[in-house]
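**Q** What follows is a structure written as structure tokens; I'll ask about it next.
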Amino acid sequence: MVWRSIASRLSLGVLAGSALVLAVACGALFQRVRQQTLQQSHSEAAALANEAGNRIEQRLARVADTTQTLAAVVAPRPAEAEVLLRRALARNEDLSGLAAVFTPDDTPSLASPFLSRQDDGTLVQRDMRKDPTRYWETNWFLAGLACTQGCWQRHFYSKSRKRELVDYAVAITRDGHPIGLINADVSLDWLNGILKALAKPAGAYAFVLDDSGAYLAHDDPAMVGQRGAPSLLQALAQHEASHVRLTVAPHPQAEGQPVWIYFTPIEGTRWRFGLAMPENSIYVGVRQAFAYTMALGLLALVALAMITLAVVRRTLAPLGTLASHAEQVARGALAFELPPARRPDEVGRLTQAFDHMRTELALHIAELTRNAREQQRLASELDIAQQIQTALLPGQHYLDAHCESFELHALLRPARAVGGDLYSYFMLDERRFCVMVGDVSDKGIPAALFMARTITLAKALAPRAGSPRQLLSMLNRELCRNNESCMFVSLWCGMLDTYTGELVMASAGHEPPALCDAEGARLLELETGAALGLDEEAGYPSHTLRLQPGQTLLMYTDGITEATDTRQDMFGTQRMLDCLARLPTRTASGLADGLLAEVDRFAADAGQADDITVLALSWHHALDDRNAPMLDLTIRASISDVFDTLERCDASLRAQGVATDTREDIRLVLEELMVNMVQHGQAHAAGDSISLHMRLGGDAVLVELHHDGQPFDPLQAPLPELPGDLADRDEIGGLGIHLVRAMANELIYSHDEQGNHLQLRFLHPARTEHDHDAHPEH
Amino acid sequence: MTLTLSTESASSERATLYLHGRLDAQTFGELDLAMLDLLPRIAEGGTLVLDLSALEYISSAGLRSIAKIRKSMRAHGGHTLLLNPQPQVRKVFEIVKAVPVNEVFTSARELDAYLDNIQRRIMDGDDQEP
């Protein structure tokens, strides 16, 4: 939470940085001051130690002086020793006892008096010569004899006087020869008193060590008589300096803290005065002063941080508002009040820029929304366009319903939502099946529209065209009309005779189809015309192929052959033929699916660049006998032949059990048409043969008429005027065609280079509801 | 079967032509020939009855012949009445609206009643007829 505010971060940063600087500066200063304090402490402690040493020296010097004087005085007058001792003892309070002892050899008669002061201050005297122990044989005596100038002996604890004592011995010499000695017992109580009287800093303690390292005196009475700690003694032995630092204090009172010890030798003895100061107590003042300074400094820093916080908060307050507004902007809300720009500083400029940005953003969003809506509309339109385009294409699979003599499988996959590839198929009439595959130049919506135009036109024109070459020519003329955008379509068109497997085809610049059978696959290199939509005069050569059972004709668009992989290699015709030959299946769907899958594998990573269409047409078998034509004959165009034919038709129909009224309808229609052909043939001296095919379909009689005469489309003849009385008509013709149109259930006319073709269909009455008009009651 | 014709003329006022078989592009010539012979024998304003009871079939060529006959009769102020057309013929007539319905009769009795009616009208008000 705190870190999210710049003001908090800034003030905390200031606080931390200043604290660091303060700590470093204080630390350096502390070290410096500590050095100085240590120096000062050294000199002060040394002075103190010297002072204490001097005082002790003075007291000891007095004892030594007294004793030496006594030795000098006693030497000539040994007998007065006791009096002298008593006088000296009375004068010097420090003396606990005095003895004048003589060697028994030199002065056999002399007493060796020993005077000692009792606790109540009275003096007790005894003659040591009478002691059971022979003092002249003891070490202290023998050592004392050598001390002509006087020497301090080791201290000891007197059991009789219950106190710590130290002896000072001076030899009594006569003629340069020691005859005895004066031994002074010095109480060490005053020594402790001196130590206590010293003006020591708090925590410090003083002590006196003798030459053997034992405490002569100590601020802690319990330590007196004990030996000093080894570390202390070792330091003492090694360092001649007046002060030494011990990391661990030798005294339990100091609790193991480092300690400084200052020494002073006491002249005339081999004692040392020591002053121990714990390091803590040296620095305690400095520490306190610095702690105080640090605390003050920190307080000041906290105040500084608070001030920084307040100032930065106040300065950056508009930024917070801007930030929350920016969040609103992110949610899409653009209408809000901005804080006033108080000063032209960064914040003020930012506020202005924010305001500007908001305005621009609102405009931009509006623009984007408009564009998005437009895009959405386009997308939905494209979606509908795709549905419409899909609806233009017939189903994927077609199996001849009557006799399964052929099968067709088509696949179309546009590269975009809509595409320019097309295919179509439909029964042209009872017998002929029309199939086409095309590819419009370009892709996308223009191509889709052109495709729709092509496919619709083709379907509309096919029944009239009758043959692929005718259909392509008609289509070409239609597509050339108003083709400002110069779009064109390559189209392959075939018409399959579903009885015989004869395929008539023509190509307008389209890829050659591939013929697949058990032996493999090969291209049918056809001579093609120009693509549709370019040259109004273009012609389209016709080719005929009779499909054998088991053969499949495969039509495709360049989406197959020009599919490219990631290395820009094209799939190509050869690869396609290899693939078709290799595929294990020979069915239309198997070949089409297999080829497409192979192309997909080939171009897997490159993606589909162009629309892809594959259409496979498999021929299974020719029509069986049941569906063979009843009549298939060609006659000379003459009235008598026509009537012979009519008789034959009638006989055949009767033999097939066709009802009388249907037979009469058929006869009438055929008579009218053929008589017409004869008359036209005669008029123009062109046609002289008529062929007729008649077949019984499932529910109808199917008749085809071909005449090699002038084009004449009975469907185009105008409706004759029928005033209700033939006698009122002025013209004489037109009735026959009218009858034909009324009687035939279906009539398809086409004309090609071979002449006129008429296909007629009459419903078989046995399978259809009766037309009541045809059966007037008798 | 082809066309066979026979005529019955009770008077010059009224003649009946019987048609047997098929009247088509092959046989209409025979009817035309027969009419060349028959028509002059019918008086002005007379009535020709075409009995179609035995006519099995008619095509547009036959229709044209019948139209010619009706035109000729009309030119002479006469009437052409059709008697008892068979299904195929009736159907063809209906498709091309060959003859007004009131001039087609399903039986000889009906025809006679009609003719008598005309006769009476002529007798009652001769001048009313054109």
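Chain labels run A, B, ... following the order of the structure tokens; each chain numbers its residues from 1, and ligands are numbered from 1 in the order shown.
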I'd like a table as CSV: residues in chain B with an atom no more than 12 Å from chain A, each row giving the shortest atom pair and its distance in Å to one decimal, only C-alpha atoms counted, sorted by chain and rising residue number.
**A**
```
residue,atom,partner,partner_atom,distance
B:Met1,CA,A:Glu647,CA,9.6
B:Thr2,CA,A:Phe643,CA,10.8
B:Arg22,CA,A:Leu668,CA,10.9
B:Leu23,CA,A:Leu668,CA,10.8
B:Asp24,CA,A:Glu671,CA,8.3
B:Ala25,CA,A:Val675,CA,7.4
B:Gln26,CA,A:Ile639,CA,7.1
B:Thr27,CA,A:Phe643,CA,10.7
B:Ser53,CA,A:His778,CA,10.9
B:Glu56,CA,A:Glu664,CA,9.2
B:Tyr57,CA,A:Glu664,CA,7.5
B:Ile58,CA,A:Leu668,CA,7.8
B:Ser59,CA,A:Leu668,CA,6.0
B:Ser60,CA,A:Gly736,CA,5.0
B:Ala61,CA,A:Gly736,CA,7.9
B:Gly62,CA,A:Gly736,CA,10.3
B:Leu63,CA,A:Leu726,CA,8.0
B:Arg64,CA,A:Ile732,CA,6.8
B:Ser65,CA,A:Ile732,CA,10.0
B:Ile66,CA,A:Leu726,CA,8.2
B:Ala67,CA,A:Ala727,CA,5.0
B:Lys68,CA,A:Ala727,CA,7.0
B:Ile69,CA,A:Ala727,CA,8.3
B:Arg70,CA,A:Ala727,CA,5.7
B:Lys71,CA,A:Ala727,CA,5.1
B:Ser72,CA,A:Ala727,CA,8.9
B:Met73,CA,A:Ala727,CA,9.7
B:Arg74,CA,A:Ala727,CA,8.3
B:Ala75,CA,A:Ala727,CA,10.3
B:His79,CA,A:Ala727,CA,11.1
B:Thr80,CA,A:Ala727,CA,10.2
B:Asn84,CA,A:His778,CA,9.0
B:Pro85,CA,A:His778,CA,9.6
B:Gln86,CA,A:His778,CA,8.2
B:Pro87,CA,A:Pro776,CA,5.9
B:Gln88,CA,A:Asp661,CA,6.9
B:Val89,CA,A:Ala774,CA,9.8
B:Arg90,CA,A:Pro776,CA,7.6
B:Lys91,CA,A:Ala774,CA,5.8
B:Val92,CA,A:Leu739,CA,7.3
B:Phe93,CA,A:Leu726,CA,9.5
B:Glu94,CA,A:Asp773,CA,8.5
B:Ile95,CA,A:Leu739,CA,6.9
B:Val96,CA,A:Leu722,CA,6.4
B:Lys97,CA,A:Gly724,CA,4.8
B:Ala98,CA,A:Leu726,CA,4.9
B:Val99,CA,A:Asp725,CA,4.6
B:Pro100,CA,A:Asp725,CA,5.9
B:Val101,CA,A:Gly724,CA,8.8
B:Asn102,CA,A:Asp725,CA,11.2
B:Glu103,CA,A:Asp725,CA,10.1
B:Val104,CA,A:Asp725,CA,11.6
B:Phe105,CA,A:His778,CA,11.7
B:Thr106,CA,A:His778,CA,8.3
B:Ser107,CA,A:His778,CA,10.2
```
**Q** Write out as an NGL selection string which residues come within 9 Å of Asp713 in chain A when counting only C-alpha atoms, dropping same-chain ones fewer than 3 positions away.
**A** :A and (716-717 or 749-751 or 756 or 758)
**Q** Can you tell me, as a list in words, what residues are no more than 12 Å from Ser9 in chain B when counting only C-alpha atoms, ignoring any on the same chain fewer than 3 positions away?
**A** Ser6, Ser12, Glu13, Arg14, Ala15, Thr16, Leu17, Tyr18, Leu38, Leu39, Arg41, Ile42, Ala43, Gly46, Thr47, Leu48, Val49 and Leu50 of chain B
**Q** Would you export the selected residues with N, CA and C atoms as a PDB file, in the first residue's frame, please?
**A**
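Just written: part35.pdb:
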```
ATOM      1  N   SER B   6     -68.663 -40.118 -95.683  1.00  0.00           N
ATOM      2  CA  SER B   6     -69.943 -40.409 -96.359  1.00  0.00           C
ATOM      3  C   SER B   6     -70.881 -39.243 -96.096  1.00  0.00           C
ATOM      4  N   SER B  12     -81.490 -29.656 -99.554  1.00  0.00           N
ATOM      5  CA  SER B  12     -80.401 -28.715 -99.819  1.00  0.00           C
ATOM      6  C   SER B  12     -80.195 -27.796 -98.615  1.00  0.00           C
ATOM      7  N   GLU B  13     -81.164 -27.805 -97.703  1.00  0.00           N
ATOM      8  CA  GLU B  13     -81.049 -26.990 -96.490  1.00  0.00           C
ATOM      9  C   GLU B  13     -80.074 -27.605 -95.503  1.00  0.00           C
ATOM     10  N   ARG B  14     -80.009 -28.899 -95.542  1.00  0.00           N
ATOM     11  CA  ARG B  14     -79.248 -29.567 -94.488  1.00  0.00           C
ATOM     12  C   ARG B  14     -78.550 -30.788 -95.041  1.00  0.00           C
ATOM     13  N   ALA B  15     -77.218 -30.818 -94.806  1.00  0.00           N
ATOM     14  CA  ALA B  15     -76.437 -31.977 -95.233  1.00  0.00           C
ATOM     15  C   ALA B  15     -75.639 -32.479 -94.030  1.00  0.00           C
ATOM     16  N   THR B  16     -75.418 -33.761 -93.999  1.00  0.00           N
ATOM     17  CA  THR B  16     -74.613 -34.344 -92.915  1.00  0.00           C
ATOM     18  C   THR B  16     -73.424 -35.069 -93.517  1.00  0.00           C
ATOM     19  N   LEU B  17     -72.235 -34.784 -92.964  1.00  0.00           N
ATOM     20  CA  LEU B  17     -71.029 -35.456 -93.440  1.00  0.00           C
ATOM     21  C   LEU B  17     -70.506 -36.325 -92.302  1.00  0.00           C
ATOM     22  N   TYR B  18     -70.390 -37.626 -92.585  1.00  0.00           N
ATOM     23  CA  TYR B  18     -69.871 -38.563 -91.583  1.00  0.00           C
ATOM     24  C   TYR B  18     -68.389 -38.750 -91.804  1.00  0.00           C
ATOM     25  N   LEU B  38     -69.306 -31.235-102.118  1.00  0.00           N
ATOM     26  CA  LEU B  38     -70.515 -31.147-101.313  1.00  0.00           C
ATOM     27  C   LEU B  38     -71.022 -29.712-101.167  1.00  0.00           C
ATOM     28  N   LEU B  39     -70.135 -28.787-100.919  1.00  0.00           N
ATOM     29  CA  LEU B  39     -70.537 -27.425-100.574  1.00  0.00           C
ATOM     30  C   LEU B  39     -71.480 -26.783-101.594  1.00  0.00           C
ATOM     31  N   ARG B  41     -73.626 -28.023-103.154  1.00  0.00           N
ATOM     32  CA  ARG B  41     -74.963 -28.615-103.128  1.00  0.00           C
ATOM     33  C   ARG B  41     -75.790 -28.102-101.951  1.00  0.00           C
ATOM     34  N   ILE B  42     -75.202 -27.409-101.088  1.00  0.00           N
ATOM     35  CA  ILE B  42     -75.935 -26.880 -99.940  1.00  0.00           C
ATOM     36  C   ILE B  42     -76.422 -25.487-100.288  1.00  0.00           C
ATOM     37  N   ALA B  43     -77.717 -25.287 -99.973  1.00  0.00           N
ATOM     38  CA  ALA B  43     -78.342 -24.013-100.349  1.00  0.00           C
ATOM     39  C   ALA B  43     -77.796 -22.903 -99.461  1.00  0.00           C
ATOM     40  N   GLY B  46     -77.983 -22.719 -95.587  1.00  0.00           N
ATOM     41  CA  GLY B  46     -78.212 -24.087 -95.186  1.00  0.00           C
ATOM     42  C   GLY B  46     -77.323 -24.489 -94.008  1.00  0.00           C
ATOM     43  N   THR B  47     -77.463 -25.704 -93.596  1.00  0.00           N
ATOM     44  CA  THR B  47     -76.732 -26.193 -92.434  1.00  0.00           C
ATOM     45  C   THR B  47     -75.961 -27.449 -92.795  1.00  0.00           C
ATOM     46  N   LEU B  48     -74.640 -27.426 -92.419  1.00  0.00           N
ATOM     47  CA  LEU B  48     -73.831 -28.620 -92.632  1.00  0.00           C
ATOM     48  C   LEU B  48     -73.542 -29.221 -91.260  1.00  0.00           C
ATOM     49  N   VAL B  49     -73.867 -30.472 -91.092  1.00  0.00           N
ATOM     50  CA  VAL B  49     -73.573 -31.161 -89.833  1.00  0.00           C
ATOM     51  C   VAL B  49     -72.404 -32.097 -90.085  1.00  0.00           C
ATOM     52  N   LEU B  50     -71.332 -31.928 -89.260  1.00  0.00           N
ATOM     53  CA  LEU B  50     -70.206 -32.848 -89.347  1.00  0.00           C
ATOM     54  C   LEU B  50     -70.378 -33.851 -88.221  1.00  0.00           C
TER      55      LEU B  50
END
```
**Q** Using only C-alpha atoms, find the one residue out of A:His510, A:Arg126, A:Arg270, A:Arg663 that sits nearest to Leu646 in chain A.
**A**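 Ranking A:His510, A:Arg126, A:Arg270, A:Arg663 by distance to Leu646 in chain A, first place goes to A:Arg663.
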**Q** Could you pull out the strand (DSSP E or B) residues of range 310-498 of chain A from DSSP and send them as an MDAnalysis selection string?
**A** chainID A and resid 397:399 406:413 421:427 432:440 489:497
**Q** Print the selection's residues with N, CA and C atoms to a file, as a short mmCIF file (atom, residue, chain, number, x, y, z; two decimals), in the first residue's frame.
**A**
```
data_model
loop_
_atom_site.label_atom_id
_atom_site.label_comp_id
_atom_site.auth_asym_id
_atom_site.auth_seq_id
_atom_site.Cartn_x
_atom_site.Cartn_y
_atom_site.Cartn_z
N HIS A 397 -22.26 -34.76 -53.88
CA HIS A 397 -22.24 -36.09 -54.44
C HIS A 397 -23.49 -36.30 -55.29
N TYR A 398 -23.30 -36.92 -56.42
CA TYR A 398 -24.44 -37.21 -57.28
C TYR A 398 -24.29 -38.62 -57.81
N LEU A 399 -25.32 -39.40 -57.55
CA LEU A 399 -25.31 -40.75 -58.10
C LEU A 399 -26.57 -40.86 -58.95
N PHE A 406 -23.60 -43.68 -63.52
CA PHE A 406 -22.43 -42.83 -63.28
C PHE A 406 -22.58 -42.17 -61.92
N GLU A 407 -21.46 -41.63 -61.50
CA GLU A 407 -21.42 -41.07 -60.16
C GLU A 407 -20.52 -39.85 -60.21
N LEU A 408 -20.86 -38.83 -59.45
CA LEU A 408 -20.06 -37.61 -59.48
C LEU A 408 -19.77 -37.17 -58.05
N HIS A 409 -18.56 -36.72 -57.85
CA HIS A 409 -18.20 -36.20 -56.53
C HIS A 409 -17.44 -34.90 -56.72
N ALA A 410 -17.88 -33.88 -56.00
CA ALA A 410 -17.26 -32.55 -56.19
C ALA A 410 -16.82 -31.99 -54.85
N LEU A 411 -15.68 -31.32 -54.89
CA LEU A 411 -15.17 -30.65 -53.68
C LEU A 411 -14.80 -29.24 -54.07
N LEU A 412 -15.25 -28.27 -53.31
CA LEU A 412 -14.86 -26.89 -53.58
C LEU A 412 -14.50 -26.24 -52.26
N ARG A 413 -13.33 -25.67 -52.21
CA ARG A 413 -12.90 -25.03 -50.97
C ARG A 413 -12.30 -23.67 -51.30
N ASP A 421 -14.05 -20.05 -57.73
CA ASP A 421 -14.16 -21.36 -58.36
C ASP A 421 -15.63 -21.74 -58.46
N LEU A 422 -15.95 -22.52 -59.44
CA LEU A 422 -17.34 -22.93 -59.55
C LEU A 422 -17.42 -24.32 -60.16
N TYR A 423 -18.46 -25.00 -59.82
CA TYR A 423 -18.79 -26.23 -60.53
C TYR A 423 -20.30 -26.31 -60.54
N SER A 424 -20.81 -27.05 -61.47
CA SER A 424 -22.25 -27.23 -61.51
C SER A 424 -22.53 -28.49 -62.30
N TYR A 425 -23.62 -29.10 -62.01
CA TYR A 425 -24.05 -30.25 -62.81
C TYR A 425 -25.55 -30.35 -62.72
N PHE A 426 -26.14 -30.86 -63.72
CA PHE A 426 -27.60 -31.04 -63.71
C PHE A 426 -27.96 -31.92 -64.91
N MET A 427 -29.13 -32.52 -64.83
CA MET A 427 -29.62 -33.30 -65.96
C MET A 427 -30.16 -32.30 -66.98
N ARG A 432 -29.28 -36.58 -70.98
CA ARG A 432 -27.95 -35.95 -70.96
C ARG A 432 -27.69 -35.24 -69.64
N PHE A 433 -26.50 -35.43 -69.18
CA PHE A 433 -26.08 -34.86 -67.91
C PHE A 433 -25.01 -33.82 -68.20
N CYS A 434 -25.25 -32.63 -67.74
CA CYS A 434 -24.31 -31.54 -68.03
C CYS A 434 -23.48 -31.28 -66.79
N VAL A 435 -22.18 -31.15 -66.97
CA VAL A 435 -21.30 -30.88 -65.83
C VAL A 435 -20.28 -29.84 -66.25
N MET A 436 -19.96 -28.93 -65.33
CA MET A 436 -18.97 -27.91 -65.67
C MET A 436 -18.14 -27.55 -64.45
N VAL A 437 -16.90 -27.17 -64.73
CA VAL A 437 -15.97 -26.71 -63.69
C VAL A 437 -15.32 -25.45 -64.21
N GLY A 438 -15.24 -24.43 -63.37
CA GLY A 438 -14.66 -23.17 -63.85
C GLY A 438 -13.87 -22.47 -62.78
N ASP A 439 -13.12 -21.51 -63.23
CA ASP A 439 -12.27 -20.75 -62.31
C ASP A 439 -12.25 -19.30 -62.77
N VAL A 440 -12.79 -18.42 -61.96
CA VAL A 440 -12.81 -17.01 -62.33
C VAL A 440 -11.46 -16.41 -61.98
N VAL A 489 -13.36 -16.03 -67.03
CA VAL A 489 -13.49 -17.31 -66.34
C VAL A 489 -13.08 -18.42 -67.29
N SER A 490 -12.26 -19.30 -66.77
CA SER A 490 -11.94 -20.49 -67.56
C SER A 490 -12.96 -21.55 -67.18
N LEU A 491 -13.48 -22.23 -68.19
CA LEU A 491 -14.59 -23.15 -67.90
C LEU A 491 -14.44 -24.40 -68.74
N TRP A 492 -14.63 -25.51 -68.09
CA TRP A 492 -14.68 -26.78 -68.80
C TRP A 492 -16.11 -27.26 -68.71
N CYS A 493 -16.67 -27.66 -69.84
CA CYS A 493 -18.06 -28.10 -69.83
C CYS A 493 -18.16 -29.43 -70.56
N GLY A 494 -18.88 -30.35 -69.96
CA GLY A 494 -19.08 -31.64 -70.61
C GLY A 494 -20.54 -32.03 -70.54
N MET A 495 -20.98 -32.73 -71.58
CA MET A 495 -22.34 -33.28 -71.55
C MET A 495 -22.24 -34.77 -71.76
N LEU A 496 -22.74 -35.49 -70.80
CA LEU A 496 -22.58 -36.94 -70.77
C LEU A 496 -23.90 -37.58 -71.20
N ASP A 497 -23.77 -38.47 -72.19
CA ASP A 497 -24.92 -39.27 -72.56
C ASP A 497 -25.01 -40.39 -71.52
#
```
**Q** Leaving out Phe263 in chain A and any residue of its chain fewer than 3 positions from it, which residues lie within 8 Å of it when counting only C-alpha atoms, given as a list in words?
**A** Ala46, Ala49, Ser242, His243, Arg272, Phe273, Gly274 and Leu275 of chain A
**Q** Hey, can you check how far CA of Arg129 in chain A sits from CA of Ala143 in chain A?
**A**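 Atom-to-atom, CA of Arg129 in chain A and CA of Ala143 in chain A are spaced 17.9 Å apart.
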**Q** Can you work out the spacing between CA of Pro414 in chain A and CA of Trp619 in chain A in Å, to one decimal?
**A**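 Between CA of Pro414 in chain A and CA of Trp619 in chain A the gap is 27.4 Å.
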**Q** Determine, counting only C-alpha atoms, which protein, DNA and RNA residues have an atom within 6 Å of an atom of Cys516 in chain A; residues of the same chain fewer than 3 positions away are not included. Present the result as a ChimeraX atom specification.
**A** /A:520-521,551-552
